file work-v2.tsv (TSV, C-alpha atoms)
chain	number	residue	atom	x	y	z
D	17	MET	CA	39.96	22.58	-2.23
D	18	PHE	CA	39.30	19.39	-4.11
D	19	SER	CA	38.77	17.23	-1.01
D	20	GLY	CA	35.21	18.52	-0.61
D	21	PHE	CA	34.45	17.59	-4.21
D	22	TYR	CA	35.84	14.07	-3.64
D	23	ASN	CA	33.74	13.71	-0.50
D	24	LEU	CA	30.55	14.66	-2.35
D	25	VAL	CA	31.18	12.41	-5.35
D	26	SER	CA	32.11	9.44	-3.17
D	27	GLY	CA	28.96	10.05	-1.17
D	28	MET	CA	26.89	9.84	-4.37
D	29	ILE	CA	28.57	6.55	-5.29
D	30	THR	CA	27.86	5.15	-1.83
D	31	HIS	CA	24.21	6.27	-1.87
D	32	GLY	CA	23.81	4.82	-5.36
D	33	LYS	CA	25.12	1.44	-4.21
D	34	ASN	CA	22.80	1.53	-1.22
D	35	LEU	CA	19.84	2.23	-3.50
D	36	ASP	CA	20.76	-0.82	-5.61
D	37	VAL	CA	20.74	-3.03	-2.51
D	38	ILE	CA	17.44	-1.63	-1.24
D	39	SER	CA	15.84	-2.05	-4.68
D	40	ASN	CA	16.95	-5.68	-4.79
D	41	ASN	CA	15.49	-6.29	-1.34
D	42	MET	CA	12.16	-4.81	-2.37
D	43	ALA	CA	12.13	-6.80	-5.60
D	44	ASN	CA	12.48	-10.00	-3.56
D	45	VAL	CA	9.84	-9.25	-0.94
D	46	ALA	CA	7.78	-12.19	-2.27
D	47	THR	CA	10.71	-14.52	-3.00
D	48	THR	CA	10.55	-17.69	-0.91
D	49	GLY	CA	13.26	-17.84	1.74
D	50	PHE	CA	14.99	-14.63	0.59
D	51	LYS	CA	17.26	-12.96	3.17
D	52	VAL	CA	17.46	-9.19	3.32
D	53	ASP	CA	20.79	-7.43	2.70
D	54	THR	CA	22.08	-4.32	4.45
D	55	PHE	CA	24.71	-2.09	2.88
D	56	THR	CA	27.37	-0.25	4.87
D	57	GLY	CA	29.87	2.44	3.85
D	58	GLN	CA	33.11	3.55	5.42
D	59	THR	CA	35.75	6.21	4.95
D	60	PHE	CA	39.18	5.76	3.44
D	61	ASP	CA	41.95	5.24	5.98
D	62	GLU	CA	42.60	8.46	7.82
D	63	VAL	CA	45.35	10.57	6.29
D	64	MET	CA	47.98	12.14	8.52
D	65	TYR	CA	48.75	15.74	7.71
D	66	SER	CA	52.34	16.80	8.34
D	67	LEU	CA	54.15	20.11	8.37
D	68	VAL	CA	57.51	19.87	6.58
D	69	GLY	CA	60.43	22.04	7.72
D	70	ASN	CA	62.03	24.32	5.14
D	71	LYS	CA	65.63	23.61	6.13
D	72	ASN	CA	66.04	20.14	7.65
D	73	LYS	CA	62.87	18.60	6.07
D	74	THR	CA	61.64	17.25	9.41
D	75	TYR	CA	57.97	16.29	9.69
D	76	THR	CA	55.65	17.51	12.42
D	77	ASP	CA	52.25	15.78	12.67
D	78	ILE	CA	49.45	18.31	12.75
D	79	GLY	CA	46.32	16.15	12.53
D	80	GLU	CA	44.32	13.49	10.72
D	81	ARG	CA	41.51	13.52	8.22
D	82	SER	CA	39.40	11.04	6.24
D	83	TYR	CA	38.93	11.96	2.60
D	84	ALA	CA	35.95	10.10	1.24
D	85	THR	CA	33.13	7.68	1.94
D	86	VAL	CA	33.30	4.47	-0.10
D	87	PRO	CA	31.16	1.34	-0.47
D	88	SER	CA	32.23	-1.17	2.14
D	89	GLU	CA	30.40	-4.40	2.97
D	90	LEU	CA	27.11	-6.14	2.38
D	91	TYR	CA	25.58	-7.84	5.40
D	92	THR	CA	22.87	-10.49	5.11
D	93	ASP	CA	20.23	-10.85	7.81
D	94	TYR	CA	19.51	-14.57	8.23
D	95	THR	CA	16.55	-14.05	10.57
D	96	GLN	CA	13.83	-16.60	9.90
D	97	GLY	CA	10.80	-15.41	7.94
D	98	SER	CA	7.20	-16.29	8.68
D	99	PHE	CA	5.51	-19.39	7.24
D	100	ASP	CA	2.80	-19.83	4.65
D	101	GLU	CA	0.78	-23.04	4.39
D	102	THR	CA	0.60	-24.02	0.72
D	103	GLY	CA	-0.83	-27.53	0.75
D	104	MET	CA	1.66	-28.53	-1.95
D	105	PRO	CA	3.17	-32.01	-1.39
D	106	LEU	CA	6.78	-31.04	-2.12
D	107	ASP	CA	6.98	-27.75	-0.23
D	108	PHE	CA	9.14	-27.61	2.90
D	109	ALA	CA	10.09	-24.89	5.38
D	110	ILE	CA	13.00	-24.98	7.83
D	111	ASP	CA	12.09	-24.01	11.40
D	112	ASP	CA	15.37	-23.29	13.22
D	113	ASP	CA	15.67	-19.50	13.69
D	114	GLY	CA	17.48	-19.08	10.39
D	115	ARG	CA	20.52	-21.30	11.02
D	116	GLY	CA	20.11	-24.10	8.47
D	117	PHE	CA	19.95	-24.37	4.69
D	118	PHE	CA	18.84	-26.81	2.04
D	119	ALA	CA	21.72	-28.01	-0.15
D	120	ILE	CA	21.21	-27.88	-3.92
D	121	GLN	CA	23.48	-29.54	-6.47
D	122	THR	CA	23.75	-26.91	-9.23
D	123	GLU	CA	25.85	-26.78	-12.39
D	124	ASP	CA	28.29	-24.53	-10.50
D	125	GLY	CA	28.57	-26.80	-7.47
D	126	ILE	CA	26.61	-27.06	-4.23
D	127	ARG	CA	24.66	-23.98	-3.26
D	128	TYR	CA	22.59	-23.36	-0.14
D	129	THR	CA	19.14	-21.83	0.21
D	130	ARG	CA	16.16	-21.44	2.52
D	131	ALA	CA	13.74	-21.78	-0.40
D	132	GLY	CA	11.83	-25.06	-0.15
D	133	ASP	CA	9.40	-24.85	-3.07
D	134	PHE	CA	10.58	-28.13	-4.58
D	135	SER	CA	9.30	-30.25	-7.45
D	136	LEU	CA	10.26	-33.40	-9.34
D	137	ASP	CA	12.57	-33.09	-12.34
D	138	GLU	CA	12.17	-35.16	-15.49
D	139	GLU	CA	13.95	-38.13	-13.92
D	140	GLY	CA	11.93	-38.04	-10.69
D	141	TYR	CA	14.53	-36.41	-8.44
D	142	LEU	CA	13.53	-33.86	-5.82
D	143	SER	CA	14.69	-30.53	-7.23
D	144	LEU	CA	14.57	-26.78	-6.80
D	145	PRO	CA	13.29	-25.53	-10.19
D	146	ASP	CA	15.86	-23.72	-12.34
D	147	HIS	CA	18.64	-24.53	-9.89
D	148	GLY	CA	19.30	-28.22	-9.31
D	149	ARG	CA	18.62	-31.31	-7.23
D	150	VAL	CA	18.06	-31.32	-3.49
D	151	LEU	CA	20.63	-33.25	-1.44
D	152	ASP	CA	19.94	-35.56	1.47
D	153	VAL	CA	21.76	-35.76	4.82
D	154	ASP	CA	24.61	-37.68	3.15
D	155	GLY	CA	25.00	-35.23	0.29
D	156	GLU	CA	23.24	-37.49	-2.21
D	157	GLU	CA	20.41	-36.67	-4.61
D	158	ILE	CA	16.93	-37.83	-3.59
D	159	LEU	CA	15.02	-40.03	-6.02
D	160	LEU	CA	11.26	-39.94	-5.34
D	161	LEU	CA	9.51	-40.68	-8.65
D	162	THR	CA	6.25	-39.57	-7.05
D	163	ASP	CA	4.80	-36.67	-5.06
D	164	LYS	CA	2.39	-39.01	-3.26
D	165	ILE	CA	4.40	-38.92	-0.05
D	166	THR	CA	4.23	-38.60	3.70
D	167	THR	CA	6.90	-37.07	5.93
D	168	ASP	CA	7.91	-36.78	9.56
D	169	ASP	CA	9.05	-33.63	11.40
D	170	PHE	CA	12.68	-34.01	10.30
D	171	GLY	CA	12.30	-34.33	6.56
D	172	ARG	CA	12.20	-38.12	6.28
D	173	ILE	CA	10.10	-38.96	3.23
D	174	TYR	CA	8.00	-42.08	2.82
D	175	THR	CA	5.66	-43.52	0.24
D	176	LYS	CA	1.97	-43.79	1.09
D	177	ASN	CA	2.68	-47.43	1.94
D	178	GLY	CA	5.44	-46.52	4.39
D	179	GLY	CA	8.45	-47.21	2.17
D	180	PHE	CA	11.43	-44.98	3.03
D	181	LEU	CA	12.56	-42.73	0.14
D	182	GLY	CA	15.13	-40.45	1.75
D	183	GLN	CA	15.69	-37.59	4.17
D	184	ILE	CA	16.07	-33.97	3.11
D	185	GLY	CA	19.36	-32.58	4.35
D	186	VAL	CA	19.43	-29.37	6.39
D	187	TYR	CA	22.97	-28.04	6.67
D	188	VAL	CA	24.16	-25.73	9.43
D	189	PHE	CA	27.20	-23.44	9.34
D	190	GLU	CA	29.20	-22.53	12.44
D	191	ASP	CA	29.50	-19.01	11.06
D	192	THR	CA	27.35	-17.60	8.27
D	193	ALA	CA	29.54	-14.50	7.88
D	194	GLY	CA	31.64	-16.19	5.20
D	195	LEU	CA	28.73	-17.16	2.95
D	196	VAL	CA	28.61	-15.48	-0.44
D	197	LYS	CA	25.22	-14.72	-1.99
D	198	ASP	CA	25.11	-15.29	-5.74
D	199	PRO	CA	22.95	-13.33	-8.25
D	200	MET	CA	20.21	-15.98	-7.92
D	201	GLY	CA	19.89	-15.33	-4.18
D	202	MET	CA	21.54	-18.62	-3.20
D	203	PHE	CA	24.63	-19.00	-1.06
D	204	ASP	CA	28.10	-20.33	-1.82
D	205	ALA	CA	29.80	-21.92	1.20
D	206	ASN	CA	33.06	-20.21	0.18
D	207	GLY	CA	35.16	-23.07	1.50
D	208	ALA	CA	33.22	-23.65	4.72
D	209	GLN	CA	32.13	-27.19	5.62
D	210	PRO	CA	28.54	-27.24	6.94
D	211	GLN	CA	27.18	-30.20	8.84
D	212	ALA	CA	23.83	-31.91	8.35
D	213	ASP	CA	21.69	-31.48	11.44
D	214	ALA	CA	18.36	-32.77	12.74
D	215	VAL	CA	16.18	-29.73	12.21
D	216	LEU	CA	12.41	-29.32	12.32
D	217	LEU	CA	10.85	-29.17	8.85
D	218	HIS	CA	7.28	-28.11	8.11
D	219	HIS	CA	5.71	-30.07	5.26
D	220	SER	CA	3.47	-28.29	2.72
D	221	MET	CA	4.66	-24.92	4.00
D	222	LEU	CA	7.10	-22.27	2.76
D	223	GLU	CA	9.18	-19.66	4.52
D	224	ARG	CA	8.50	-16.10	3.44
D	225	SER	CA	11.15	-13.52	2.65
D	226	ASN	CA	12.30	-11.65	5.77
D	227	VAL	CA	12.25	-8.33	3.91
D	228	GLY	CA	10.32	-5.64	5.78
D	229	LEU	CA	8.71	-3.69	2.94
D	230	VAL	CA	7.85	-0.58	4.97
D	231	GLN	CA	11.34	-0.43	6.44
D	232	GLN	CA	12.91	-0.74	2.99
D	233	MET	CA	10.66	2.01	1.61
D	234	VAL	CA	11.71	4.34	4.41
D	235	LYS	CA	15.37	3.55	3.70
D	236	MET	CA	14.86	4.17	0.00
D	237	ILE	CA	13.27	7.58	0.55
D	238	SER	CA	15.99	8.75	2.95
D	239	THR	CA	18.77	7.45	0.70
D	240	GLN	CA	17.26	9.08	-2.40
D	241	ARG	CA	17.11	12.41	-0.56
D	242	ALA	CA	20.74	12.05	0.52
D	243	TYR	CA	21.75	11.22	-3.05
D	244	GLN	CA	19.89	14.21	-4.47
D	245	SER	CA	21.41	16.52	-1.86
D	246	SER	CA	24.92	15.29	-2.69
D	247	ALA	CA	24.23	15.76	-6.41
D	248	SER	CA	23.02	19.34	-5.90
D	249	LEU	CA	26.00	20.25	-3.70
D	250	THR	CA	28.38	18.64	-6.20
D	251	LYS	CA	26.98	20.83	-8.97
D	252	MET	CA	27.35	23.94	-6.81
D	253	TYR	CA	30.87	22.95	-5.79
D	254	ASP	CA	31.82	22.43	-9.43
D	255	GLN	CA	30.56	25.91	-10.30
D	256	VAL	CA	32.49	27.47	-7.41
D	257	MET	CA	35.70	25.73	-8.47
D	258	GLY	CA	35.13	26.86	-12.06
D	259	HIS	CA	34.73	30.49	-10.97
D	260	ALA	CA	37.80	30.22	-8.74
D	261	ALA	CA	39.91	28.81	-11.57
D	262	SER	CA	38.68	31.57	-13.89
D	263	ASP	CA	39.50	34.31	-11.37
D	264	LEU	CA	42.94	32.81	-10.76
D	265	GLY	CA	43.60	32.82	-14.50
D	266	ARG	CA	42.73	36.52	-14.80
D	267	LEU	CA	45.01	37.40	-11.85
D	268	GLN	CA	47.93	35.70	-13.53

call {"tool": "encode", "arguments": {"input": "work-v2.tsv", "output": "structure tokens"}}
result
Amino acid sequence: MFSGFYNLVSGMITHGKNLDVISNNMANVATTGFKVDTFTGQTFDEVMYSLVGNKNKTYTDIGERSYATVPSELYTDYTQGSFDETGMPLDFAIDDDGRGFFAIQTEDGIRYTRAGDFSLDEEGYLSLPDHGRVLDVDGEEILLLTDKITTDDFGRIYTKNGGFLGQIGVYVFEDTAGLVKDPMGMFDANGAQPQADAVLLHHSMLERSNVGLVQQMVKMISTQRAYQSSASLTKMYDQVMGHAASDLGRLQ
């Protein structure tokens, strides 16, 4: 009798988690380089029902059933977003079908991102504001001291007089499935060892978020309806169980 109640409540929890993910996607529709997340749910391991003998206590399998839906995994879509031309001298966009990342030295270690809206920090290092310094192909910080620069197609930076200042590192993972997105929308390598690669960089351009706003709105509406339906059925189920318990009490 209670399994239906568990199914409904677990469904509400799952829909609620999905709404959180969708809301975060929509909130980051204008965030440079943001990658959309997709939530999935799954059922608990199937439970084997058995019939137990009265005398010899032998078990006879009579079927299987899954009890409840639970939050499962969060998948990130690394598909490359479109590009916006900004004209800003320290903006860069990676053009590689979503494989590579900029490496940022943060207070919590190296994090990876597709956001290339860089600036100079107080000491003249190329930095991602509020996060940390950008690393070059050798994993070193890049000292520029000026934004009066020129670049080639692979992130090599030069002064206006042709003096070499450094090359922005673009790091590629063999498998992005193990990356962990932090609350700031950046990625922890989670023990993986990415390799710097020669990747096309667009200067004075930024990569847009790959969030499809219309698609996310449709998902939100359908998920809200599913949540509301589960909530209504849960209330009805609770009332039915209350009446059943009351009737059982009177019979006893």

call {"tool": "axis_aligned_box", "arguments": {"input": "work-v2.tsv", "around": "stretch 210-219 of chain D", "padding_each_side": "5 Å", "output": "lines of an AutoDock Vina configuration file"}}
result
center_x = 17.1
center_y = -30.0
center_z = 9.0
size_x = 32.8
size_y = 15.5
size_z = 17.5

call {"tool": "atom_distance", "arguments": {"input": "work-v2.tsv", "atom1": "atom CA of D:Asn206", "atom2": "atom CA of D:Phe189"}}
result
11.3 Å

call {"tool": "atom_distance", "arguments": {"input": "work-v2.tsv", "atom1": "atom CA of D:Thr54", "atom2": "atom CA of D:Tyr91"}}
result
5.1 Å

call {"tool": "residues_around", "arguments": {"input": "work-v2.tsv", "residues": "stretch 132-139 of chain D", "least_positions_apart": "6", "cutoff": "10 Å", "atoms": "only C-alpha atoms", "output": "PyMOL selection string"}}
result
chain D and resi 48-49+102+104-110+117-118+145-146+148-150+158-163+217-223

call {"tool": "atom_distance", "arguments": {"input": "work-v2.tsv", "atom1": "atom CA of D:Gln121", "atom2": "atom CA of D:Val37"}}
result
26.9 Å

call {"tool": "closest_residue", "arguments": {"input": "work-v2.tsv", "among": "D:Leu35, D:Thr122, D:Arg224, D:Lys164", "to": "D:Glu101", "atoms": "all atoms listed in the file"}}
result
D:Arg224

call {"tool": "residues_around", "arguments": {"input": "work-v2.tsv", "residues": "D:Asp213", "least_positions_apart": "3", "cutoff": "12 Å", "atoms": "all atoms listed in the file", "output": "PyMOL selection string"}}
result
chain D and resi 110+112+115-118+152-154+170-171+183-190+210+216-217

call {"tool": "closest_residue", "arguments": {"input": "work-v2.tsv", "among": "D:Ala46, D:Ile173, D:Ile126, D:Met236", "to": "D:Asp198", "atoms": "only C-alpha atoms"}}
result
D:Ile126

call {"tool": "closest_residue", "arguments": {"input": "work-v2.tsv", "among": "D:Met202, D:Lys235, D:Gln244, D:Asn226", "to": "D:Asn34", "atoms": "all atoms listed in the file"}}
result
D:Lys235

call {"tool": "closest_residue", "arguments": {"input": "work-v2.tsv", "among": "D:Ala131, D:Ala212, D:Leu144, D:Ala193", "to": "D:Phe50", "atoms": "only C-alpha atoms"}}
result
D:Ala131

call {"tool": "closest_residue", "arguments": {"input": "work-v2.tsv", "among": "D:Gln96, D:Asn41, D:Gln209, D:Thr166", "to": "D:Phe55", "atoms": "all atoms listed in the file"}}
result
D:Asn41

call {"tool": "closest_residue", "arguments": {"input": "work-v2.tsv", "among": "D:Ser245, D:Gln240, D:Thr129, D:Ser143", "to": "D:Asp36", "atoms": "only C-alpha atoms"}}
result
D:Gln240
